[in-house]
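Enquirer: Have a look at this one before I ask anything.
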Amino acid sequence: MRYVVAFGRFWYDFIIGDDWKIAVAVVTALAVTCALMLSGAVTGPALAVLGGAIVVVCFAVSLAVDVRRKS
Amino acid sequence: MTAATWGLLVAVFVACVVEMVEATTIVMAMGFTRGWRSALLGTAAAIGLLAVVTAAAGYALTTWLPESLLQLVIGGLLLIFGLQWLRKAVLRSSGRKAIHDEVKIYRERAEQARAAGESRGSLDMFSFVVSFKGVFLEGMEVVFIVITFGLNAGDIPVAVYGAAAAVVFVLLVAIATRKPLSMIPENLLKYGVGLLLASFGTYWSVEGLGLFRAGSGSLAWPGHNFAILGLIVVWFVLTRVFVVVLRTPGNGPSDAGDESTTKELAA
């Protein structure tokens, strides 16, 4: 069991690192973009650009939350 | 070589130098305080395991995964890594996080090594495990960078050459100076690599979302690969804005010119 926990902790540290909000921001941005794609509301290259913009916004929000908590 | 091939080579080289500097600091701290045999054995074991992981992951990724799933998974991971590096760059340059200092990290590691007590067996397990973990963890990021950048450019060998050149370069500098590699502008390199990882990660992960639509074809960016240049500009501008907005009183220069801000971002 100890090794399973250590294995899981290794991958958590490797992927999530010291700020889980970044991973949440990335997953949220991709999920929102995917939902837009499946709804058919946006199509073509505009969807890729919108997806990139959503990633940028989610990162900005996660950083703002990070700074607000620390200050 | 084409400009794209040179770009791939330089990007992988710089990214790997950053990771290698951190791993070298750990191994040097173990070597100088507890002896080199176990530290180098731990390093060799980690490099051996990394070679196996690289071969297995490279084969699995290129053989079994459809292109859009590959883009989504690898792009998502690159994006997380890149944004973590950009976050740290922003927080450091706005005075909200301590600057990364290899000398300080070396001292802390050396203190831990001394506090761990003497080893009784022929193999110093403390030195072996710390060196192994340090090299393996930093090396895993190198593996991801080599595989992803190499796959995207369709030229894995050039990516491997870039990584190998970085390893040789850092080792030569370490052997020549015999002290923590604080002279390498690691924070500046980290900021640059963070921009690259975030930009490539955004590009691939969004492309890979096509996996979930009918036909599973990748999404298309306007301008195709040239969109990556636009993404680099966007991430650069955003991080600069964040540094200015988040700067705490008493931190950072009042002059926010191009050169000073770039250096400051990387600090």
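By order in the structure tokens, chains are A, B, ...; within a chain, residues start at 1; ligands start at 1, following the order shown.
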With the cut-off set at 6 Å and counting only C-alpha atoms, tabulate each residue of chain A with an atom at most that distance from an atom of chain B, showing the nearest atom pair and its distance in Å to one decimal, ordered by chain and increasing number, as JSON lines.
Expert:
{"residue": "A:Ala23", "atom": "CA", "partner": "B:Ile80", "partner_atom": "CA", "distance": 5.8}
{"residue": "A:Pro45", "atom": "CA", "partner": "B:Trp221", "partner_atom": "CA", "distance": 5.0}
{"residue": "A:Ala48", "atom": "CA", "partner": "B:Trp221", "partner_atom": "CA", "distance": 5.5}
Enquirer: I need the chosen residues saved as a short mmCIF file (atom, residue, chain, number, x, y, z; two decimals), in the first residue's frame, with N, CA and C atoms.
Expert:
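The resulting file, result-v6.cif, is reproduced below:
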data_model
loop_
_atom_site.label_atom_id
_atom_site.label_comp_id
_atom_site.auth_asym_id
_atom_site.auth_seq_id
_atom_site.Cartn_x
_atom_site.Cartn_y
_atom_site.Cartn_z
N ALA A 23 -3.59 23.07 -13.11
CA ALA A 23 -4.16 21.87 -13.75
C ALA A 23 -5.67 22.01 -13.90
N PRO A 45 -11.66 27.23 -37.80
CA PRO A 45 -10.51 27.81 -37.10
C PRO A 45 -10.90 28.74 -35.96
N ALA A 48 -10.70 27.00 -32.66
CA ALA A 48 -9.34 26.86 -32.10
C ALA A 48 -8.90 28.16 -31.43
#
Enquirer: Write down as an NGL selection string the residues belonging to chain A that are assigned alpha helix (DSSP H) by DSSP computed on the backbone.
Expert: :A and (2-15 or 20-39 or 45-70)
Enquirer: What's the 10 Å shell around Val27 of chain A, counting only C-alpha atoms, without same-chain residues fewer than 4 positions away, as a list in words?
Expert: Lys21, Ile22, Ala23, Ala31, Val32, Thr33, Val55 and Cys58 of chain A; Gly76 and Ile80 of chain B
Enquirer: Please compute the atom CA of Ile26 of chain B-atom CA of Ser131 of chain B distance, one decimal, in Å.
Expert: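 Going from atom CA of Ile26 of chain B over to atom CA of Ser131 of chain B, I get 6.4 Å.
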Enquirer: May I have the residues within 12 Å of Val61 of chain A as a list in words, using only C-alpha atoms and disregarding those fewer than 4 positions away in the same chain?
Expert: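 Near neighbours after the sequence-gap exclusion: Lys21, Ile22, Val24, Ala25, Val26, Thr28, Ala29, Ile54, Val55, Val56, Val57, Val65, Asp66, Val67 and Arg68 of chain A; Arg87 and Phe242 of chain B.
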Enquirer: For segment 29-35 of chain B, list every protein, DNA or RNA residue within 7 Å, evaluated using only C-alpha atoms, and leave out those in the same chain fewer than 4 positions away; present the list as an MDAnalysis selection string.
Expert: chainID B and resid 25 39 106 109:110 113:114 127
Enquirer: Please produce a file of those selected residues containing C-alpha atoms, as a PDB file, in the first residue's frame.
Expert:
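Below is the file that was written, out_36.pdb:
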ATOM      1  CA  THR B  25      22.892  20.700  -8.281  1.00  0.00           C
ATOM      2  CA  ALA B  39      25.649   9.673  -6.074  1.00  0.00           C
ATOM      3  CA  TYR B 106      22.837  23.421  -3.054  1.00  0.00           C
ATOM      4  CA  ARG B 109      20.692  19.804  -0.004  1.00  0.00           C
ATOM      5  CA  ALA B 110      24.190  19.621   1.462  1.00  0.00           C
ATOM      6  CA  ALA B 113      23.011  15.216   3.397  1.00  0.00           C
ATOM      7  CA  ARG B 114      25.130  15.987   6.455  1.00  0.00           C
ATOM      8  CA  SER B 127      22.948   9.634  -1.515  1.00  0.00           C
TER       9      SER B 127
END
Enquirer: Write out as a PyMOL selection string which residues come within 12 Å of Ile156 of chain B when counting only C-alpha atoms, dropping same-chain ones fewer than 2 positions away.
Expert: chain B and resi 5+8-9+12+54-55+58-59+62+143-154+158-163
Enquirer: Interatomic distance between atom CA of Leu41 of chain B and atom CA of Ser119 of chain B?
Expert: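 Between atom CA of Leu41 of chain B and atom CA of Ser119 of chain B the gap is 15.0 Å.
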Enquirer: Calculate how many Å separate atom CA of Leu50 of chain A from atom CA of Ile74 of chain B, rounding to one decimal.
Expert: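 Computed distance, atom CA of Leu50 of chain A to atom CA of Ile74 of chain B, equals 20.1 Å.
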Enquirer: Name the closest residue to Asp155 of chain B among the candidates B:Gly7, B:Gln71, B:Pro66, B:Val170; distances are taken between atoms, counting only C-alpha atoms.
Expert: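 For Asp155 of chain B, the nearest of the given residues is B:Gly7.
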